[in-house]
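What follows is one structure encoded as structure tokens, with my remarks underneath.
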Amino acid sequence: MSTSVEPRGWAKAALHVNGWFVYMFFYAPIVLLVIYSFSNSRNVGTWGGFTLDWYRDFFDSSNARGALSNSVKIAIFSTIISVVLGTMAALSLERFTFRGKKVFDALLYLPIIIPDVTMAVMMLLFFGEFFDVLDALFGLGLRKGFWSISISHIAFNISFVSVVVRARLAGMDTDLEEAAIDLYASRWKAFRYVTFPQIVPGIAGGALLAMTLSLDDVVITQFVAGPGWTTLPVYVFGLIRKGVTPLINAVSVTMLVVSMLLVVLSIVAQRVRRSG
Amino acid sequence: MKTVVRADTETATATPEFEKAALRQESRRGLFLAMPAYLYLIFFFVISLFIVFIYSFATRNRFGGTDLSGWNLDSYARISEPIVRDVLFRSVWLAFLTTVICLVIAYPFAYFLSTRRVAVRNIMLVFVMIPFWTNFLVRNFAWRVILGNDGPLTNTTEFLGLGSAELLFTQTAVVLGLVYGYLPFMILPLYAAIERIDRRLLEASRDLYGTGLQSFRHVLFPLSMPGVIAGSILVFVPSLGAYVTPEILGGAKTTLLGSYIVTQFLTARNWPFGAALSFVLMLVMLVTTIVYFRKGGRTL
């Protein structure tokens with residue numbers, strides 16, 4: 001008979017307490033922030049009765065709305081591109097062998113582990129040197145703003161999308177794909193009718209994640225945004241540095257809710273069992 | 001598909017030419033799929049890192065611009081200046097502190113998680129993943145509200161008769177914010193490592209009259225080492241480069257490497273020096289990760 005390794009006595013109690021502590025630590029500040037965003041008080045951390053005024057101020061402010069619309073445009077555009085590139089990258093790594101595969105694999109991890117600040121500096125200097133060159137080559141009329149921010153967001157989002165899609169591909173049975181090929185389906189048809197329907201949840205999960213990361217980014221965006229261009233997080237960050245007002249609570253809670261919603265949807269999508 | 005090709009090679013050993021052609025075609029297709037992302041990453045990570053490297057040897061001119069001619073090591077030499085050294089030491093110290101605190105909180109939590117039923121565990125994991133991905137800026141701002149003047153924390157401590165707790169704009173607040181921000185980065189790899197450990201090894205150590213502490217020290221902890229290291233890298237590196245947290249929760253005396261780099265670019269307009277510092281930060285990250293993978297680590 002084995003000795004039980006289940007912790008008992010004080011050890012068990014300590015583990016439970018620590019567990020509750022971790023969740024309290026994660027969620028109590030968020031709950032407090034939500035509560036205070038409805039507080040009718042000039043001081044951000046004082047309760048002064050219920051009000052929706054700060055939310056009304058937020059939606060009335062043309063600066064905030066402008067920043068919000070920029071954020072959404074950039075998020076949608078950068079998500080679409082990074083989903084296409086990230087999915088292709090994931091397919092190539094999970095289903096093919098080619099020269100330079102190991103280097104590519106390592107390179108894909110770089111955007112995930114690199115500190116924000118370093119990446120921001122890299123992008124700033126890159127655009128400083130290359131925007132004119134790219135403009136001359138492709139005549140895109142590139143200016144710092146929408147393009148520089150989107151291009152930077154795509155640069156880190158490709159990696160996150162490919163990680164999520166790869167996890168889906170790796171956990172998938174290759175039997176069906178092989179059967180399709182054996183039955184003379186072309187590679188494209190096998191992908192279109194067999195592989196793709198099965199990885200849709202992974203792609204959706206990756207897309208939602210990419211959208212959150214794009215909507216949340218501050219540091220890199222702040223570095224590459226040109227004059228007159230701002231996204232919602234950069235706008236909020238600027239406000240916080242000037243001085244904290246209850247308006248920021250309302251904007252923050254709105255961003256938090258959107259961000260959490262996308263994350264939860266992404267997690268749900270990634271857990272959907274094979275659908276096709 | 002590589003499996004299909006492999007199946008072919010088993011049956012069609014008589015036609016090596018066919019086999020080779022098929023392999024070549026597979027390789028071309030793989031490369032074709034990888035190419036757009038590959039080029040993108042080479043452009044924005046390899047070339048731009050090279051540009052940062054070149055800038056770090058340049059000179060700042062009188063107008064805040066950068067002269068790329070006349071290479072020198074001045075920017076790297078400045079790292080030994082007392083002010084810069086202070087920032088570096090403080091960053092390393094606070095990042096280290098953050099890592100240790102995260103480890104102490106996350107380890108028992110990850111172990112606890114691994115002892116739960118699978119259904120419960122999955123739900124618990126989701127609630128760790130949510131803060132992992134949600135808006136970092138807002139999550140740090142929440143602490144600004146809590147720690148602020150006349151905020152919930154000071155009101156509570158005053159109510160309890162402990163006087164007002166003035167944490168905001170101190171190093172403690174910065175470490176708190178960093179721990180709050182990066183704790184999930186420690187929990188997830190730790191959990192992945194602990195969950196993989198064969199329970200029977202722990203049972204064996206108990207059967208052989210090891211105490212709980214002894215099984216932890218000689219069995220559980222050594223086996224979970226890959227998770228400990230992966231989590232520590234994932235917390236230490238971004239803490240070292242932190243910018244948003246010290247900006248929101250810290251004061252004038254809590255400048256960390258990340259904020260210091262940003263200042264060089266956006267305020268002081270000394271791009272070569274900023275480039276040198278970011279290159280050093282990048283190097284720390286690359287060296288720790290490469291050493292980790294060389295030692296056989298897999299999860300990150």
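Here, A, B, ... name the chains of the structure tokens in the order displayed, residue numbers run from 1 inside each chain, and ligands are numbered from 1 in the same displayed order.
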Compute the chain A side of the contact with chain B at 6 Å, counting only C-alpha atoms, and hand it back as a compact mmCIF listing (two decimals) with N, CA and C atoms, in the first residue's frame.
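Resulting contents of selection-v8.txt:
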```txt
# COMPACT_ATOMS: atom_id res chain seq x y z
N THR A 3 1.97 5.12 0.49
CA THR A 3 1.62 6.24 1.34
C THR A 3 0.95 7.29 0.45
N VAL A 5 0.24 10.74 -1.14
CA VAL A 5 1.05 11.95 -1.26
C VAL A 5 0.16 13.19 -1.20
N GLY A 19 -4.29 29.15 -2.64
CA GLY A 19 -5.12 29.12 -3.85
C GLY A 19 -6.13 30.26 -3.86
N PRO A 29 -8.58 43.55 -7.43
CA PRO A 29 -8.33 44.89 -7.99
C PRO A 29 -9.24 45.20 -9.17
N LEU A 33 -11.90 48.25 -9.37
CA LEU A 33 -11.84 49.23 -10.45
C LEU A 33 -13.21 49.40 -11.09
N GLY A 45 -10.65 56.86 -6.04
CA GLY A 45 -10.76 55.70 -5.15
C GLY A 45 -11.73 55.91 -4.00
N THR A 46 -12.70 56.81 -4.17
CA THR A 46 -13.64 57.07 -3.09
C THR A 46 -15.05 56.83 -3.59
N LEU A 85 -0.89 35.03 -42.26
CA LEU A 85 0.53 34.69 -42.21
C LEU A 85 0.82 33.67 -41.11
N MET A 88 -0.41 30.14 -42.11
CA MET A 88 0.50 29.54 -43.09
C MET A 88 1.78 29.07 -42.41
N ALA A 89 2.32 29.89 -41.51
CA ALA A 89 3.54 29.53 -40.80
C ALA A 89 3.31 28.26 -39.97
N SER A 92 3.19 25.20 -42.22
CA SER A 92 4.51 24.83 -42.74
C SER A 92 5.33 24.12 -41.66
N ARG A 95 3.44 20.47 -40.73
CA ARG A 95 3.16 19.47 -41.75
C ARG A 95 4.24 19.31 -42.81
N PHE A 96 5.27 20.13 -42.77
CA PHE A 96 6.29 20.06 -43.81
C PHE A 96 7.69 20.07 -43.21
N THR A 97 8.64 19.58 -44.01
CA THR A 97 10.03 19.80 -43.64
C THR A 97 10.66 20.62 -44.76
N PHE A 98 11.43 21.59 -44.40
CA PHE A 98 12.11 22.40 -45.42
C PHE A 98 13.37 22.97 -44.83
N PRO A 115 11.38 41.76 -24.72
CA PRO A 115 10.70 42.79 -23.92
C PRO A 115 10.09 43.87 -24.83
N THR A 118 12.32 46.83 -25.95
CA THR A 118 13.30 46.53 -26.99
C THR A 118 12.63 46.48 -28.36
N MET A 122 13.31 48.78 -31.66
CA MET A 122 13.60 48.19 -32.96
C MET A 122 12.68 48.76 -34.03
N PHE A 126 13.66 51.10 -37.15
CA PHE A 126 13.38 50.51 -38.46
C PHE A 126 12.58 51.48 -39.33
N ASP A 216 -4.60 46.14 -26.83
CA ASP A 216 -4.01 46.43 -25.53
C ASP A 216 -2.63 47.08 -25.59
N SER A 252 -10.94 52.71 -18.68
CA SER A 252 -10.21 51.49 -18.33
C SER A 252 -11.15 50.30 -18.23
N SER A 259 -11.38 43.50 -23.55
CA SER A 259 -10.22 42.63 -23.53
C SER A 259 -10.57 41.26 -22.94
N MET A 260 -11.26 41.25 -21.81
CA MET A 260 -11.61 39.99 -21.16
C MET A 260 -12.57 39.17 -22.01
```
Close residues, B:Val175 itself excluded, 9 Å, only C-alpha atoms, min 2 positions apart in chain, as a PyMOL selection string
chain B and resi 94-95+97-98+170-173+177-180+239+245-246
Selection above as a file: C-alpha atoms, as a PDB file, in the first residue's frame:
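Output (part08.pdb):
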```pdb
ATOM      1  CA  LEU B  94      13.637  44.652  -8.361  1.00  0.00           C
ATOM      2  CA  ALA B  95      13.291  42.155 -11.223  1.00  0.00           C
ATOM      3  CA  LEU B  97      12.686  40.356  -6.113  1.00  0.00           C
ATOM      4  CA  THR B  98       9.643  40.134  -8.390  1.00  0.00           C
ATOM      5  CA  THR B 170       7.536  53.637  -3.946  1.00  0.00           C
ATOM      6  CA  GLN B 171       9.588  50.627  -4.993  1.00  0.00           C
ATOM      7  CA  THR B 172       7.171  48.426  -3.069  1.00  0.00           C
ATOM      8  CA  ALA B 173       4.329  49.599  -5.301  1.00  0.00           C
ATOM      9  CA  GLY B 177       2.516  45.893  -9.815  1.00  0.00           C
ATOM     10  CA  LEU B 178       5.117  43.678 -11.469  1.00  0.00           C
ATOM     11  CA  VAL B 179       4.150  40.644  -9.399  1.00  0.00           C
ATOM     12  CA  TYR B 180       0.516  41.304 -10.232  1.00  0.00           C
ATOM     13  CA  SER B 239      10.374  42.915 -15.288  1.00  0.00           C
ATOM     14  CA  THR B 245       4.398  49.647 -14.293  1.00  0.00           C
ATOM     15  CA  PRO B 246       7.089  51.999 -12.945  1.00  0.00           C
TER      16      PRO B 246
END
```
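When atom CA of A:Arg192 is paired with atom CA of A:Ala90, their separation reads 15.5 Å.
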One decimal place gives the atom CA of A:Val268-atom CA of A:Phe26 separation as 20.2 Å
Could you name the residues that touch A:Leu239 at 12 Å or less, counting only C-alpha atoms, but leaving out those on the same chain fewer than 2 positions away, as an mmCIF file with N, CA and C atoms, in the first residue's frame?
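Listed below is the output, part25.cif:
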```cif
data_model
loop_
_atom_site.group_PDB
_atom_site.id
_atom_site.type_symbol
_atom_site.label_atom_id
_atom_site.label_comp_id
_atom_site.auth_asym_id
_atom_site.auth_seq_id
_atom_site.Cartn_x
_atom_site.Cartn_y
_atom_site.Cartn_z
ATOM 1 N N ASN A 63 -11.990 63.132 -28.521
ATOM 2 C CA ASN A 63 -10.635 62.575 -28.499
ATOM 3 C C ASN A 63 -10.667 61.082 -28.232
ATOM 4 N N ALA A 64 -11.423 60.714 -27.200
ATOM 5 C CA ALA A 64 -11.490 59.312 -26.813
ATOM 6 C C ALA A 64 -12.128 58.491 -27.933
ATOM 7 N N LEU A 232 -6.471 53.978 -28.262
ATOM 8 C CA LEU A 232 -7.102 54.155 -26.954
ATOM 9 C C LEU A 232 -6.146 53.911 -25.775
ATOM 10 N N PRO A 233 -5.384 52.791 -25.774
ATOM 11 C CA PRO A 233 -4.468 52.593 -24.636
ATOM 12 C C PRO A 233 -3.419 53.700 -24.517
ATOM 13 N N VAL A 234 -2.894 54.164 -25.644
ATOM 14 C CA VAL A 234 -1.884 55.226 -25.590
ATOM 15 C C VAL A 234 -2.518 56.514 -25.059
ATOM 16 N N TYR A 235 -3.749 56.774 -25.488
ATOM 17 C CA TYR A 235 -4.495 57.942 -25.014
ATOM 18 C C TYR A 235 -4.690 57.862 -23.498
ATOM 19 N N VAL A 236 -5.111 56.700 -23.021
ATOM 20 C CA VAL A 236 -5.331 56.502 -21.583
ATOM 21 C C VAL A 236 -4.019 56.633 -20.807
ATOM 22 N N PHE A 237 -2.966 56.044 -21.346
ATOM 23 C CA PHE A 237 -1.658 56.102 -20.692
ATOM 24 C C PHE A 237 -1.232 57.567 -20.522
ATOM 25 N N ARG A 241 -0.698 59.694 -16.935
ATOM 26 C CA ARG A 241 0.534 60.390 -16.573
ATOM 27 C C ARG A 241 0.289 61.853 -16.242
ATOM 28 N N LYS A 242 -0.798 62.420 -16.824
ATOM 29 C CA LYS A 242 -1.109 63.814 -16.528
ATOM 30 C C LYS A 242 -1.765 63.961 -15.164
ATOM 31 N N GLY A 243 -2.439 62.916 -14.722
ATOM 32 C CA GLY A 243 -3.149 62.993 -13.454
ATOM 33 C C GLY A 243 -4.388 62.131 -13.563
ATOM 34 N N VAL A 244 -4.687 61.455 -12.452
ATOM 35 C CA VAL A 244 -5.749 60.467 -12.508
ATOM 36 C C VAL A 244 -7.112 61.123 -12.324
ATOM 37 N N THR A 245 -8.035 60.841 -13.234
ATOM 38 C CA THR A 245 -9.408 61.345 -13.110
ATOM 39 C C THR A 245 -10.377 60.166 -13.224
ATOM 40 N N PRO A 246 -11.596 60.333 -12.710
ATOM 41 C CA PRO A 246 -12.561 59.225 -12.775
ATOM 42 C C PRO A 246 -12.886 58.815 -14.204
ATOM 43 N N LEU A 247 -12.712 59.750 -15.151
ATOM 44 C CA LEU A 247 -12.937 59.405 -16.551
ATOM 45 C C LEU A 247 -12.071 58.206 -16.951
ATOM 46 N N ILE A 248 -10.822 58.183 -16.442
ATOM 47 C CA ILE A 248 -9.907 57.088 -16.782
ATOM 48 C C ILE A 248 -10.462 55.765 -16.265
ATOM 49 N N ASN A 249 -11.084 55.803 -15.070
ATOM 50 C CA ASN A 249 -11.707 54.571 -14.565
ATOM 51 C C ASN A 249 -12.687 54.008 -15.580
ATOM 52 N N VAL A 251 -12.969 54.605 -18.890
ATOM 53 C CA VAL A 251 -12.325 54.124 -20.116
ATOM 54 C C VAL A 251 -11.628 52.791 -19.837
ATOM 55 N N SER A 252 -10.939 52.712 -18.678
ATOM 56 C CA SER A 252 -10.210 51.489 -18.333
ATOM 57 C C SER A 252 -11.148 50.304 -18.231
ATOM 58 N N PHE B 141 -3.252 49.994 -13.688
ATOM 59 C CA PHE B 141 -3.975 51.200 -13.272
ATOM 60 C C PHE B 141 -4.886 50.900 -12.082
ATOM 61 N N ILE B 248 3.398 54.096 -13.963
ATOM 62 C CA ILE B 248 2.099 54.312 -13.330
ATOM 63 C C ILE B 248 2.192 54.257 -11.801
#
```
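For the pair atom CA of B:Leu125 and atom CA of B:Leu213, the separation is 26.4 Å.
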DSSP alpha helix (DSSP H) selection over stretch 48-258 of chain B, as a ChimeraX atom specification:
/B:48-55,74-77,82-114,118-133,136-147,152-159,171-196,199-207,212-215,221-223,225-240,244-249,257-258
Pick from B:Asn270, B:Thr288, B:Ser91, B:Thr211 nearest to B:Arg62, counting only C-alpha atoms
B:Asn270
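Each of A:Arg8, A:Asp182, A:Glu94, A:Val253 was compared to A:Leu32 using only C-alpha atoms, and A:Val253 turns out to be the nearest.
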Which residues are near A:Leu215? Cut-off 10 Å, only C-alpha atoms, ignore same chain within fewer than 3 positions. Put them as an NGL selection string.
(:A and (68 or 70-76 or 153 or 209-212 or 218 or 231-233 or 255 or 258-259)) or (:B and (134-135))
